[in-house]
$ cat query.txt   # compact mmCIF, C-alpha atoms
# COMPACT_ATOMS: atom_id res chain seq x y z
CA MET A 807 66.04 95.01 79.05
CA LYS A 808 64.49 95.72 82.43
CA ASP A 809 64.58 92.02 83.30
CA LYS A 810 68.24 91.86 82.28
CA ASN A 811 69.11 94.80 84.54
CA ILE A 812 67.31 93.16 87.45
CA PHE A 813 69.17 89.94 86.77
CA LEU A 814 72.50 91.78 86.64
CA ILE A 815 71.88 93.34 90.04
CA ILE A 816 71.14 89.92 91.47
CA LEU A 817 74.22 88.49 89.76
CA VAL A 818 76.60 91.13 91.10
CA CYS A 819 75.26 90.69 94.63
CA THR A 820 75.61 86.90 94.54
CA LEU A 821 78.97 86.26 92.92
CA SER A 822 79.64 83.63 95.55
CA LEU A 823 77.91 81.96 98.47
CA SER A 824 80.37 83.49 100.90
CA LEU A 825 79.59 87.00 99.66
CA ALA A 826 75.88 86.32 99.86
CA LEU A 827 76.25 85.15 103.44
CA ALA A 828 78.34 88.22 104.20
CA ILE A 829 75.61 90.46 102.82
CA PHE A 830 73.00 88.64 104.88
CA ALA A 831 75.12 88.97 108.00
CA PHE A 832 75.61 92.66 107.29
CA GLN A 833 71.88 93.26 107.00
CA MET A 834 71.21 91.37 110.22
CA ARG A 835 74.06 92.78 112.28
CA GLY A 836 74.79 96.10 110.61
CA THR A 837 78.41 95.16 109.84
CA GLY A 838 80.66 95.25 106.79
CA ARG A 839 84.21 94.27 105.91
CA PHE A 840 87.33 95.16 103.98
CA HIS A 841 89.50 92.38 102.58
CA GLY A 842 92.37 91.77 100.21
CA THR A 843 95.95 90.56 99.87
CA VAL A 844 99.43 92.01 100.36
CA GLU A 845 102.36 91.34 98.05
CA ASP A 846 105.75 92.79 97.23
CA GLU A 847 106.81 94.21 93.88
CA GLU A 848 107.73 90.75 92.62
CA GLY A 849 104.29 89.36 93.38
CA ASN A 850 105.37 87.43 96.49
CA LEU A 851 102.61 87.28 99.11
CA LEU A 852 103.57 88.86 102.44
CA GLU A 853 102.74 87.52 105.88
CA GLY A 854 102.68 89.59 109.07
CA VAL A 855 101.84 92.92 107.44
CA LYS A 856 100.02 95.18 109.88
CA ILE A 857 96.78 96.55 108.43
CA VAL A 858 95.16 99.55 110.13
CA VAL A 859 91.71 100.71 109.01
CA GLN A 860 90.63 104.11 110.37
CA GLY A 861 87.51 106.15 109.72
CA LEU A 862 88.09 109.41 107.89
CA GLU A 863 85.11 111.16 109.45
CA ALA A 864 85.00 109.12 112.66
CA LYS A 865 88.70 109.06 113.61
CA LYS A 866 88.01 106.93 116.71
CA LEU A 867 86.92 104.02 114.52
CA ILE A 868 90.15 102.03 114.25
CA PHE A 869 90.48 98.37 113.28
CA GLU A 870 93.72 96.39 113.12
CA THR A 871 94.74 93.02 111.73
CA GLU A 872 97.70 91.23 110.13
CA SER A 873 98.04 89.39 106.85
CA ILE A 874 98.31 85.61 107.10
CA GLU A 875 100.71 83.24 105.33
CA THR A 876 98.80 83.47 102.04
CA GLY A 877 99.01 87.26 102.13
CA ARG A 878 95.27 87.53 102.76
CA TRP A 879 93.75 89.90 105.31
CA PHE A 880 90.29 91.02 106.30
CA VAL A 881 88.66 93.34 108.81
CA THR A 882 85.03 92.87 109.82
CA GLY A 883 82.47 94.66 111.97
CA ILE A 884 82.70 97.98 110.13
CA ILE A 885 79.89 100.43 109.46
CA LYS A 886 79.62 102.01 106.00
CA GLY A 887 81.63 105.17 105.36
CA SER A 888 85.04 106.40 104.19
CA TYR A 889 88.23 104.88 105.60
CA SER A 890 92.00 105.06 105.29
CA ILE A 891 93.79 101.71 105.03
CA THR A 892 97.49 101.62 105.94
CA ALA A 893 99.80 98.62 105.52
CA SER A 894 103.16 98.49 107.27
CA LYS A 895 105.92 95.94 107.77
CA SER A 896 109.50 96.30 108.89
CA GLY A 897 111.82 96.59 105.90
CA TYR A 898 109.07 97.76 103.54
CA GLU A 899 107.70 101.11 102.47
CA SER A 900 104.31 101.70 104.07
CA ALA A 901 101.33 101.85 101.71
CA SER A 902 98.16 103.88 102.23
CA TYR A 903 94.80 103.84 100.47
CA GLU A 904 91.40 105.52 100.77
CA MET A 905 88.23 103.45 100.29
CA ASN A 906 84.50 103.75 100.84
CA LEU A 907 82.62 100.91 102.53
CA SER A 908 79.25 100.50 100.86
CA GLN A 909 76.12 99.09 102.43
CA PHE A 910 76.55 95.80 100.59
CA THR A 911 79.83 93.93 100.92
CA SER A 912 79.58 92.61 97.34
CA LYS A 913 80.20 96.17 96.13
CA ASN A 914 83.42 96.56 98.09
CA PRO A 915 86.29 95.59 95.77
CA LYS A 916 89.12 93.47 97.07
CA LEU A 917 92.11 95.67 97.87
CA GLU A 918 95.41 94.24 96.67
CA ILE A 919 98.17 96.08 98.49
CA LYS A 920 101.63 96.31 96.93
CA MET A 921 104.63 97.08 99.14
CA ARG A 922 108.13 98.03 98.07
CA LYS A 923 111.11 96.64 99.95
CA ILE A 924 113.43 99.29 101.34
CA THR A 925 117.01 98.80 100.13
CA GLU A 926 120.28 100.59 100.70
CA SER A 927 119.80 102.26 97.31
CA ASP A 928 116.98 104.21 98.94
CA LEU A 929 119.59 105.96 101.03
CA PRO A 930 121.90 107.65 98.49
CA SER A 931 124.97 109.56 99.65
CA ILE A 932 124.73 108.34 103.24
CA MET A 933 128.28 108.03 104.55
CA ASP A 934 127.82 107.15 108.21
CA GLU A 935 126.08 104.31 109.99
CA SER A 936 124.36 106.65 112.43
CA SER A 937 122.32 108.14 109.59
CA VAL A 938 121.26 104.69 108.44
CA VAL A 939 120.15 103.90 111.99
CA LEU A 940 118.15 107.12 112.24
CA PHE A 941 116.39 106.42 108.95
CA LYS A 942 115.49 102.86 109.88
CA GLU A 943 114.40 103.80 113.40
CA GLY A 944 112.17 106.53 111.98
CA ASN A 945 110.48 104.09 109.60
CA GLU A 946 110.05 101.46 112.31
CA LEU A 947 108.43 104.00 114.64
CA PHE A 948 106.11 105.03 111.82
CA GLU A 949 105.09 101.41 111.28
CA GLN A 950 104.33 101.15 115.00
CA GLY A 951 102.01 104.16 114.77
CA LYS A 952 104.38 106.36 116.81
CA TYR A 953 104.27 109.20 114.33
CA ALA A 954 105.55 112.03 116.54
CA GLU A 955 108.57 109.94 117.59
CA ALA A 956 109.19 108.91 114.00
CA LEU A 957 109.09 112.56 112.97
CA VAL A 958 111.87 113.44 115.43
CA LYS A 959 114.14 110.72 114.00
CA LEU A 960 113.43 111.59 110.38
CA GLU A 961 113.95 115.32 110.88
CA GLU A 962 117.22 114.62 112.67
CA PHE A 963 118.21 112.45 109.71
CA LEU A 964 117.34 115.26 107.27
CA GLU A 965 119.48 117.74 109.23
CA LYS A 966 122.49 115.47 108.80
CA ASN A 967 121.68 114.58 105.18
CA PHE A 968 119.95 117.64 103.73
CA THR A 969 120.67 116.58 100.13
CA ILE A 970 118.43 113.52 100.52
CA TYR A 971 115.21 115.39 99.85
CA GLN A 972 113.24 112.13 99.41
CA VAL A 973 112.96 111.76 103.20
CA ASN A 974 110.43 114.59 103.08
CA LEU A 975 107.99 111.96 101.78
CA ASN A 976 108.39 110.08 105.06
CA ILE A 977 108.13 113.29 107.06
CA GLY A 978 104.98 114.25 105.19
CA ASN A 979 103.50 110.83 105.92
CA CYS A 980 104.05 111.39 109.64
CA TYR A 981 102.26 114.74 109.56
CA ARG A 982 99.46 113.22 107.49
CA GLU A 983 98.87 110.45 110.00
CA MET A 984 98.92 113.03 112.80
CA GLY A 985 96.21 114.99 111.01
CA GLU A 986 98.47 118.00 110.41
CA TYR A 987 97.62 118.22 106.73
CA ASP A 988 99.10 121.65 105.98
CA LYS A 989 102.49 120.55 107.31
CA ALA A 990 102.22 117.28 105.38
CA ILE A 991 101.52 119.10 102.11
CA ALA A 992 104.41 121.46 102.84
CA ALA A 993 106.76 118.48 103.25
CA TYR A 994 105.56 116.88 100.00
CA ASN A 995 105.97 120.20 98.20
CA LYS A 996 109.60 120.32 99.32
CA VAL A 997 110.18 117.21 97.22
CA LEU A 998 108.57 118.89 94.21
CA GLU A 999 110.57 122.07 94.74
CA ARG A 1000 113.93 120.30 95.12
CA VAL A 1001 113.48 118.18 92.01
CA LYS A 1002 112.33 121.17 89.96
CA ALA A 1003 115.30 123.23 91.19
CA GLN A 1004 117.76 120.45 90.31
CA LYS A 1005 116.29 119.28 86.99
CA GLY A 1006 114.10 122.15 85.86
CA SER A 1007 111.06 119.88 85.78
CA ILE A 1008 109.34 117.34 88.02
CA GLU A 1009 108.39 115.06 85.13
CA GLY A 1010 109.75 111.53 85.03
CA ASN A 1011 110.66 111.46 88.71
CA GLU A 1012 109.15 108.75 90.91
CA ALA A 1013 109.61 110.71 94.14
CA THR A 1014 107.59 113.63 92.79
CA ALA A 1015 104.89 111.24 91.57
CA LYS A 1016 104.59 109.87 95.09
CA ALA A 1017 104.49 113.40 96.53
CA LEU A 1018 101.68 114.34 94.14
CA ALA A 1019 99.74 111.17 94.97
CA ASN A 1020 100.16 111.82 98.70
CA ILE A 1021 98.84 115.36 98.32
CA GLY A 1022 95.89 113.95 96.41
CA GLU A 1023 95.26 111.51 99.25
CA ILE A 1024 95.07 114.39 101.74
CA TYR A 1025 92.56 116.28 99.61
CA LEU A 1026 90.50 113.11 99.35
CA THR A 1027 90.60 112.75 103.13
CA GLN A 1028 89.34 116.32 103.42
CA GLY A 1029 86.47 115.56 101.06
CA ASN A 1030 87.81 117.63 98.16
CA VAL A 1031 87.39 114.94 95.50
CA GLU A 1032 87.92 117.27 92.54
CA LYS A 1033 91.26 118.52 93.87
CA ALA A 1034 92.29 114.99 94.85
CA MET A 1035 91.65 113.67 91.35
CA GLU A 1036 93.67 116.54 89.90
CA TYR A 1037 96.72 115.50 91.91
CA PHE A 1038 96.25 111.78 91.30
CA LYS A 1039 96.16 112.42 87.56
CA GLN A 1040 99.31 114.55 87.80
CA ALA A 1041 101.02 111.73 89.71
CA VAL A 1042 100.31 109.18 86.99
CA ASP A 1043 101.09 111.55 84.12
CA ASN A 1044 104.31 112.58 85.84
CA PHE A 1045 105.66 109.06 86.22
CA PRO A 1046 103.66 106.61 84.08
CA GLU A 1047 106.13 103.78 84.72
CA ASN A 1048 104.72 103.01 88.19
CA GLU A 1049 101.91 100.50 87.79
CA ALA A 1050 100.94 100.65 91.48
CA ILE A 1051 100.17 104.38 91.30
CA ALA A 1052 98.11 103.87 88.13
CA PHE A 1053 96.21 100.98 89.71
CA ASN A 1054 95.50 102.89 92.92
CA VAL A 1055 94.12 105.84 90.94
CA GLY A 1056 91.91 103.39 89.05
CA GLU A 1057 90.65 101.98 92.36
CA ILE A 1058 89.80 105.46 93.60
CA PHE A 1059 87.88 106.30 90.44
CA PHE A 1060 86.08 102.94 90.69
CA THR A 1061 84.95 103.57 94.27
CA GLN A 1062 83.81 107.07 93.23
CA GLY A 1063 81.70 105.64 90.42
CA GLU A 1064 83.88 107.17 87.68
CA ILE A 1065 83.77 104.01 85.56
CA ASP A 1066 85.41 105.28 82.35
CA LYS A 1067 88.25 106.87 84.32
CA ALA A 1068 88.74 103.63 86.25
CA ILE A 1069 89.02 101.72 82.98
CA GLU A 1070 91.60 104.21 81.71
CA TYR A 1071 93.90 103.79 84.72
CA PHE A 1072 93.48 100.02 85.08
CA ASN A 1073 94.49 99.73 81.43
CA LEU A 1074 97.48 101.96 82.11
CA ALA A 1075 98.56 99.67 84.97
CA ILE A 1076 98.30 96.72 82.56
CA ARG A 1077 100.37 98.47 79.90
CA ILE A 1078 103.08 99.12 82.46
CA LYS A 1079 103.07 95.56 83.80
CA GLU A 1080 101.18 93.09 81.60
CA SER A 1081 101.91 90.14 83.90
CA TRP A 1082 100.09 91.67 86.89
CA ALA A 1083 96.76 89.85 87.22
CA THR A 1084 94.85 92.17 89.57
CA PRO A 1085 94.09 95.01 87.12
CA TYR A 1086 92.50 92.49 84.75
CA ARG A 1087 90.19 91.32 87.53
CA GLN A 1088 89.19 94.87 88.39
CA LEU A 1089 88.63 95.65 84.71
CA GLY A 1090 86.30 92.66 84.57
CA TYR A 1091 84.26 94.02 87.47
CA VAL A 1092 84.21 97.53 85.98
CA TYR A 1093 82.98 96.25 82.61
CA LEU A 1094 80.40 94.14 84.43
CA ASN A 1095 79.09 97.26 86.16
CA LYS A 1096 79.00 99.01 82.80
CA GLY A 1097 77.09 96.16 81.14
CA GLU A 1098 79.87 95.40 78.64
CA TYR A 1099 79.84 91.65 79.20
CA LYS A 1100 82.18 90.60 76.38
CA LEU A 1101 84.92 92.89 77.66
CA ALA A 1102 84.21 91.67 81.20
CA VAL A 1103 84.68 88.04 80.14
CA ASP A 1104 87.89 88.83 78.24
CA SER A 1105 89.36 90.60 81.27
CA LEU A 1106 88.33 87.92 83.76
CA GLU A 1107 89.68 85.14 81.56
CA LYS A 1108 93.01 86.96 81.38
CA PHE A 1109 92.99 87.22 85.17
CA LEU A 1110 92.46 83.45 85.44
CA GLU A 1111 95.28 82.85 82.98
CA LEU A 1112 97.70 84.90 85.08
CA ALA A 1113 96.40 83.88 88.54
CA PRO A 1114 94.87 80.38 88.27
CA ASP A 1115 95.47 79.70 91.96
CA SER A 1116 93.85 82.91 93.20
CA PRO A 1117 91.28 82.45 96.02
CA GLU A 1118 88.81 84.22 93.72
CA ALA A 1119 89.41 81.93 90.73
CA ALA A 1120 86.53 79.56 91.53
CA ASN A 1121 83.98 82.38 91.85
CA ILE A 1122 85.14 83.98 88.61
CA LYS A 1123 84.99 80.64 86.77
CA ASN A 1124 81.38 80.28 87.91
CA LEU A 1125 80.57 83.84 86.84
CA ILE A 1126 81.94 83.67 83.29
CA PRO A 1127 79.32 81.20 81.86
CA THR A 1128 76.52 83.45 83.12
CA LEU A 1129 78.09 86.46 81.44
CA GLU A 1130 78.48 84.48 78.22
CA LYS A 1131 74.74 83.78 78.28
CA LEU A 1132 74.07 87.50 78.63
CA ILE A 1133 76.30 88.16 75.61
CA LYS A 1134 74.16 85.86 73.44
CA GLU A 1135 70.86 87.50 74.46
$ encode --input "query.txt" --output "structure tokens"
Amino acid sequence: MKDKNIFLIILVCTLSLSLALAIFAFQMRGTGRFHGTVEDEEGNLLEGVKIVVQGLEAKKLIFETESIETGRWFVTGIIKGSYSITASKSGYESASYEMNLSQFTSKNPKLEIKMRKITESDLPSIMDESSVVLFKEGNELFEQGKYAEALVKLEEFLEKNFTIYQVNLNIGNCYREMGEYDKAIAAYNKVLERVKAQKGSIEGNEATAKALANIGEIYLTQGNVEKAMEYFKQAVDNFPENEAIAFNVGEIFFTQGEIDKAIEYFNLAIRIKESWATPYRQLGYVYLNKGEYKLAVDSLEKFLELAPDSPEAANIKNLIPTLEKLIKE
């Protein structure tokens, strides 16, 4: 059993030659990397998405890049620690994540970012073009990292369209990026309060689920993992139809070493959207870490079925026979 565990450690750290070289480079140069892809809700890969990686403890550590034609992105030269990762592109809702960079790059899961396209349906009850302009200008300024300027536009928009409470999500995001966490939480809570006042409950509302998840993200940034997980769970339970929220909660649990919780939320993402390949891949890695090789193989084979052209397909195909040998032992 001891020999098997040693072999597993070696296996996880050498899933591919490129990862092995990355680990070697990290040990020699003291650097690490984040990597992944960006896609829209339909699974289309997005080019030109701005990715900003910023240290949570060391705020001055900021790295920027853009996704290429295949939707892939990567940032190198990073020391281990906790980071926020923000993706932004004109015409799309910005997406934010929290991740830890481990000492070994093979332990840093690929981050698949999903972005939702902003449509006119996101602006209910708007009657004048000037309001539309304010809303779009505010989002564009946010994407450019001009959070204070974005805040002015969005608050002006809210004054003219006070019934559109959802814009408090955008306002909260501005405060969050400015580090004014109390004001950010207050803005998110306005969404919860308005929905509860209108419907008597916040359940089944996507806007409130996003508000809860955003509050959880702030607590995670502040190092209050227990409180963060409480809000993330509320977000998923509140609106279980959003596979991206479920997947992101699974990723957070995975990076925190909460394996069983990660499995629970990756499976939830799959139940919501069975055709989405990424949760199957992550499930495979989670089961591999847990030593449940048969379940790992089943999940990875399903990933290959749904995403045969994935850049990771070759590595996973090479990994599966080794896992099958472990199953037989």
$ atom_distance --input "query.txt" --atom1 "CA of Glu904 (chain A)" --atom2 "CA of Leu862 (chain A)"
8.8 Å
$ closest_residue --input "query.txt" --among "A:Lys920, A:Glu935, A:Lys1033, A:Ile1133" --to "Glu1049 (chain A)" --atoms "all atoms listed in the file"
A:Lys920
$ atom_distance --input "query.txt" --atom1 "CA of Val973 (chain A)" --atom2 "CA of Trp879 (chain A)"
29.2 Å
$ residues_near_point --input "query.txt" --point "(107.2, 119.8, 96.7)" --cutoff "10 Å" --atoms "only C-alpha atoms" --output "ChimeraX atom specification"
/A:971,974-975,991-1002,1008,1013-1014,1017-1018,1021
$ closest_residue --input "query.txt" --among "A:Val1055, A:Met905, A:Val1092, A:Met921" --to "Ile1069 (chain A)" --atoms "only C-alpha atoms"
A:Val1092
$ residues_around --input "query.txt" --residues "Lys923 (chain A)" --least-positions-apart "3" --cutoff "9 Å" --atoms "all atoms listed in the file" --output "PDB file with C-alpha atoms, in the coordinates of the input"
ATOM      1  CA  ASP A 846     105.750  92.790  97.230  1.00  0.00           C
ATOM      2  CA  GLU A 847     106.810  94.210  93.880  1.00  0.00           C
ATOM      3  CA  GLY A 897     111.820  96.590 105.900  1.00  0.00           C
ATOM      4  CA  TYR A 898     109.070  97.760 103.540  1.00  0.00           C
ATOM      5  CA  GLU A 899     107.700 101.110 102.470  1.00  0.00           C
TER       6      GLU A 899
END
$ closest_residue --input "query.txt" --among "A:Glu870, A:Glu1047, A:Glu1064, A:Glu1032" --to "Ala1015 (chain A)" --atoms "only C-alpha atoms"
A:Glu1047
$ residues_near_point --input "query.txt" --point "(109.6, 109.2, 117.9)" --cutoff "12 Å" --atoms "all atoms listed in the file" --output "MDAnalysis selection string"
chainID A and resid 940:962 977 980
$ write_last_selection --input "query.txt" --atoms "C-alpha atoms" --output "compact mmCIF listing (two decimals), in the coordinates of the input"
# COMPACT_ATOMS: atom_id res chain seq x y z
CA LEU A 940 118.15 107.12 112.24
CA PHE A 941 116.39 106.42 108.95
CA LYS A 942 115.49 102.86 109.88
CA GLU A 943 114.40 103.80 113.40
CA GLY A 944 112.17 106.53 111.98
CA ASN A 945 110.48 104.09 109.60
CA GLU A 946 110.05 101.46 112.31
CA LEU A 947 108.43 104.00 114.64
CA PHE A 948 106.11 105.03 111.82
CA GLU A 949 105.09 101.41 111.28
CA GLN A 950 104.33 101.15 115.00
CA GLY A 951 102.01 104.16 114.77
CA LYS A 952 104.38 106.36 116.81
CA TYR A 953 104.27 109.20 114.33
CA ALA A 954 105.55 112.03 116.54
CA GLU A 955 108.57 109.94 117.59
CA ALA A 956 109.19 108.91 114.00
CA LEU A 957 109.09 112.56 112.97
CA VAL A 958 111.87 113.44 115.43
CA LYS A 959 114.14 110.72 114.00
CA LEU A 960 113.43 111.59 110.38
CA GLU A 961 113.95 115.32 110.88
CA GLU A 962 117.22 114.62 112.67
CA ILE A 977 108.13 113.29 107.06
CA CYS A 980 104.05 111.39 109.64
$ closest_residue --input "query.txt" --among "A:Phe1038, A:Phe968, A:Phe840, A:Phe1072" --to "Leu917 (chain A)" --atoms "all atoms listed in the file"
A:Phe840
$ closest_residue --input "query.txt" --among "A:Val858, A:Leu852, A:Ile1058, A:Leu1132" --to "Glu1098 (chain A)" --atoms "only C-alpha atoms"
A:Leu1132
$ closest_residue --input "query.txt" --among "A:Thr969, A:Thr876, A:Ser894, A:Thr843" --to "Lys856 (chain A)" --atoms "all atoms listed in the file"
A:Ser894
$ atom_distance --input "query.txt" --atom1 "CA of Leu907 (chain A)" --atom2 "CA of His841 (chain A)"
11.0 Å
$ residues_around --input "query.txt" --residues "region 1078-1081 of chain A" --least-positions-apart "6" --cutoff "12 Å" --atoms "all atoms listed in the file" --output "PyMOL selection string"
chain A and resi 847-849+1042+1045-1053+1071-1072+1108-1113
$ residues_around --input "query.txt" --residues "Met1035 (chain A)" --least-positions-apart "4" --cutoff "9 Å" --atoms "all atoms listed in the file" --output "PyMOL selection string"
chain A and resi 1022-1023+1025-1026+1030-1031+1039-1040+1055+1058-1059
$ write_last_selection --input "query.txt" --atoms "C-alpha atoms" --output "PDB file, keeping the file's coordinate frame"
ATOM      1  CA  GLY A1022      95.890 113.950  96.410  1.00  0.00           C
ATOM      2  CA  GLU A1023      95.260 111.510  99.250  1.00  0.00           C
ATOM      3  CA  TYR A1025      92.560 116.280  99.610  1.00  0.00           C
ATOM      4  CA  LEU A1026      90.500 113.110  99.350  1.00  0.00           C
ATOM      5  CA  ASN A1030      87.810 117.630  98.160  1.00  0.00           C
ATOM      6  CA  VAL A1031      87.390 114.940  95.500  1.00  0.00           C
ATOM      7  CA  LYS A1039      96.160 112.420  87.560  1.00  0.00           C
ATOM      8  CA  GLN A1040      99.310 114.550  87.800  1.00  0.00           C
ATOM      9  CA  VAL A1055      94.120 105.840  90.940  1.00  0.00           C
ATOM     10  CA  ILE A1058      89.800 105.460  93.600  1.00  0.00           C
ATOM     11  CA  PHE A1059      87.880 106.300  90.440  1.00  0.00           C
TER      12      PHE A1059
END
